[in-house]
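A.B. asks: Structure provided below as structure tokens; questions to follow.
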Amino acid sequence: MADPHQFFDDTSSAPSRGYGGQPSPGGLGYPTSSPEAAFLAAPMSNMAMVYGSSLAAQGKELVDKNIDRFIPVSKLKYYFAVDTVYVGKKLGLLVFPYLHQDWEVQYQQDTPVAPRFDINAPDLYIPAMAFITYILVAGLALGTQDRFSPDLLGLQASSALAWLTLEVVAILLSLYLVTVNTDLTTIDLVAFLGYKYVGMIGGVLTGLLFGKIGYYLVLAWCCVSIFVFMIRTLRLKILAQAAAEGVPVRGARNQLRMYLTMAVAAAQPVLMYWLTFHLVR
């Protein structure tokens, strides 16, 4: 029974019904969370999320801008705009380029037409598929010789990629030193340099079927073909630009451009042999 002289009820044993909520596990009676803390934490977390999103957007924009300076990613669709007819004709041109007359790339309103409409346009479909097929054929050749291992196949792929990268860097540096103003892009160079894998595949497959004699015959034919193809293609990209600039044909700078074109074309047969001779025994 309550004391009639007591002014307030004794609530020490009753559960708290105010702002405190449940007591903390430590038994101190302080609340584990309060509306004030939640009110202050929500704006801080929102500000952190907005700031993080802003930094991510700025970083993505910076990366895209720097990538586009060297590899125009937005134009990759152009290099894969091919069809079956184009692939068949381009493979024929790579194997037998001697009767082809018109090597000019076609333009429409200062923009090159898609590869499926122009056999002279560079593409990335054939080089990419040829590189993958070359690695598979290399694995087949190593397997028939009881030398296959994942490490050796990975070394074959990384070696081919390393040589391709070295080629691109060396050509870009040479074009800069010779001060050649050309519309050749990095992707164009990768496409042109990647066409040599077609001849490498033919040489290795023939070597597996007919031995070293077949390998050397087919590889020699493909080496000469890719040399002619590169000469007739790159001279329009490098020497024609010099003629448009009014550079004399027998001038010193034009001679350097001719030597550069010859060097790039001559390097293709050397690399074709270097990357395949150990696959045929």
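By order of appearance in the structure tokens: chains A, B, ..., then residues from 1 within every chain, and ligands from 1 in the order shown.
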Please provide as a PyMOL selection string all residues within 10 Å of Leu175 in chain A, with the sequence filter that same-chain residues fewer than 6 positions apart are discarded (counting only C-alpha atoms).
C.D. replies: chain A and resi 169+181-182+184+238+256-257+260
A.B. asks: Pick out the residues sitting within 9 Å of Leu124 in chain A, and hand them over as a PDB file with N, CA and C atoms, in the first residue's frame; count only C-alpha atoms, and ignore anything fewer than 6 positions along from it in its own chain.
C.D. replies:
```pdb
ATOM      1  N   LEU A  76      35.874   1.201 -81.093  1.00  0.00           N
ATOM      2  CA  LEU A  76      36.134  -0.226 -81.262  1.00  0.00           C
ATOM      3  C   LEU A  76      35.059  -0.915 -82.093  1.00  0.00           C
ATOM      4  N   TYR A  79      35.868  -1.388 -85.767  1.00  0.00           N
ATOM      5  CA  TYR A  79      36.831  -2.410 -86.172  1.00  0.00           C
ATOM      6  C   TYR A  79      36.259  -3.825 -86.125  1.00  0.00           C
ATOM      7  N   PHE A  80      35.088  -3.980 -85.550  1.00  0.00           N
ATOM      8  CA  PHE A  80      34.455  -5.292 -85.521  1.00  0.00           C
ATOM      9  C   PHE A  80      33.214  -5.335 -86.407  1.00  0.00           C
ATOM     10  N   ILE A 187      45.092   1.495 -82.740  1.00  0.00           N
ATOM     11  CA  ILE A 187      44.301   0.308 -83.098  1.00  0.00           C
ATOM     12  C   ILE A 187      44.573  -0.094 -84.543  1.00  0.00           C
ATOM     13  N   ASP A 188      44.788   0.863 -85.426  1.00  0.00           N
ATOM     14  CA  ASP A 188      45.158   0.535 -86.801  1.00  0.00           C
ATOM     15  C   ASP A 188      46.439  -0.285 -86.838  1.00  0.00           C
ATOM     16  N   VAL A 190      47.698  -2.143 -84.415  1.00  0.00           N
ATOM     17  CA  VAL A 190      47.436  -3.473 -83.862  1.00  0.00           C
ATOM     18  C   VAL A 190      46.768  -4.356 -84.913  1.00  0.00           C
ATOM     19  N   ALA A 191      45.845  -3.777 -85.679  1.00  0.00           N
ATOM     20  CA  ALA A 191      45.155  -4.559 -86.714  1.00  0.00           C
ATOM     21  C   ALA A 191      46.128  -5.004 -87.807  1.00  0.00           C
ATOM     22  N   PHE A 192      46.912  -4.073 -88.327  1.00  0.00           N
ATOM     23  CA  PHE A 192      47.836  -4.423 -89.409  1.00  0.00           C
ATOM     24  C   PHE A 192      48.896  -5.417 -88.939  1.00  0.00           C
ATOM     25  N   GLY A 194      48.580  -7.531 -86.534  1.00  0.00           N
ATOM     26  CA  GLY A 194      47.959  -8.795 -86.151  1.00  0.00           C
ATOM     27  C   GLY A 194      47.611  -9.698 -87.315  1.00  0.00           C
TER      28      GLY A 194
END
```
A.B. asks: Using DSSP on the backbone coordinates, identify all residues within range 68-165 of chain A classified as strand (DSSP E or B); present the result as a PyMOL selection string.
C.D. replies: chain A and resi 107-108+111-112
A.B. asks: May I ask which of the residues A:Tyr78, A:Leu166, A:Leu140, A:Asp83 is the closest one to Thr111 in chain A, counting only C-alpha atoms?
C.D. replies: A:Tyr78
A.B. asks: One decimal, Å: what's the distance from CA of Thr261 in chain A over to CA of Ile135 in chain A, could you say?
C.D. replies: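 Value for the CA of Thr261 in chain A-CA of Ile135 in chain A distance: 28.1 Å.
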A.B. asks: So that I can see what lies close to Phe117 in chain A, please list as a list in words the residues with an atom at most 12 Å from it, counting only C-alpha atoms and leaving out residues fewer than 5 positions away in the same chain.
C.D. replies: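 The filter keeps Tyr78, Tyr79, Ala81, Val82, Asp83, Thr84, Val85, Tyr86, Val87, Lys89, Lys90, Val105, Gln106, Tyr107, Gln108, Pro112, Pro122 and Asp123 of chain A.
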A.B. asks: Near Ala160 in chain A, counting only C-alpha atoms, which residues have an atom at most 10 Å away, once you skip same-chain residues fewer than 3 positions from it, shown as a list of chain:residue names?
C.D. replies: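 The residues that qualify are A:Phe131, A:Tyr134, A:Ile135, A:Gly154, A:Leu155, A:Gln156, A:Ala157, A:Trp163, A:Leu164, A:Thr165, A:Leu166, A:Tyr197, A:Leu271, A:Met272, A:Trp274, A:Leu275.
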A.B. asks: Any chance you could tabulate, as CSV, the residues of range 71-157 of chain A at most 10 Å from range 209-233 of chain A with each one's nearest atom pair and distance in Å to one decimal, using only C-alpha atoms, in chain and rising number order?
C.D. replies:
```
residue,atom,partner,partner_atom,distance
A:Leu93,CA,A:Phe229,CA,8.0
A:Leu94,CA,A:Ile226,CA,6.3
A:Val95,CA,A:Ser225,CA,5.9
A:Phe96,CA,A:Ser225,CA,6.2
A:Pro97,CA,A:Phe229,CA,6.1
A:Tyr98,CA,A:Val228,CA,7.6
A:His100,CA,A:Phe229,CA,9.6
A:Gln101,CA,A:Arg232,CA,9.7
A:Asp102,CA,A:Arg232,CA,9.8
A:Trp103,CA,A:Thr233,CA,6.6
A:Glu104,CA,A:Thr233,CA,8.3
A:Val105,CA,A:Thr233,CA,9.4
A:Asn120,CA,A:Thr233,CA,8.1
A:Ala121,CA,A:Thr233,CA,9.7
A:Pro122,CA,A:Thr233,CA,9.8
```
A.B. asks: Between A:Val264, A:Ala57, A:Met47, A:Ile201, which has the minimum distance to Val168 in chain A (counting only C-alpha atoms)?
C.D. replies: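 For Val168 in chain A, the nearest of the candidates is A:Val264.
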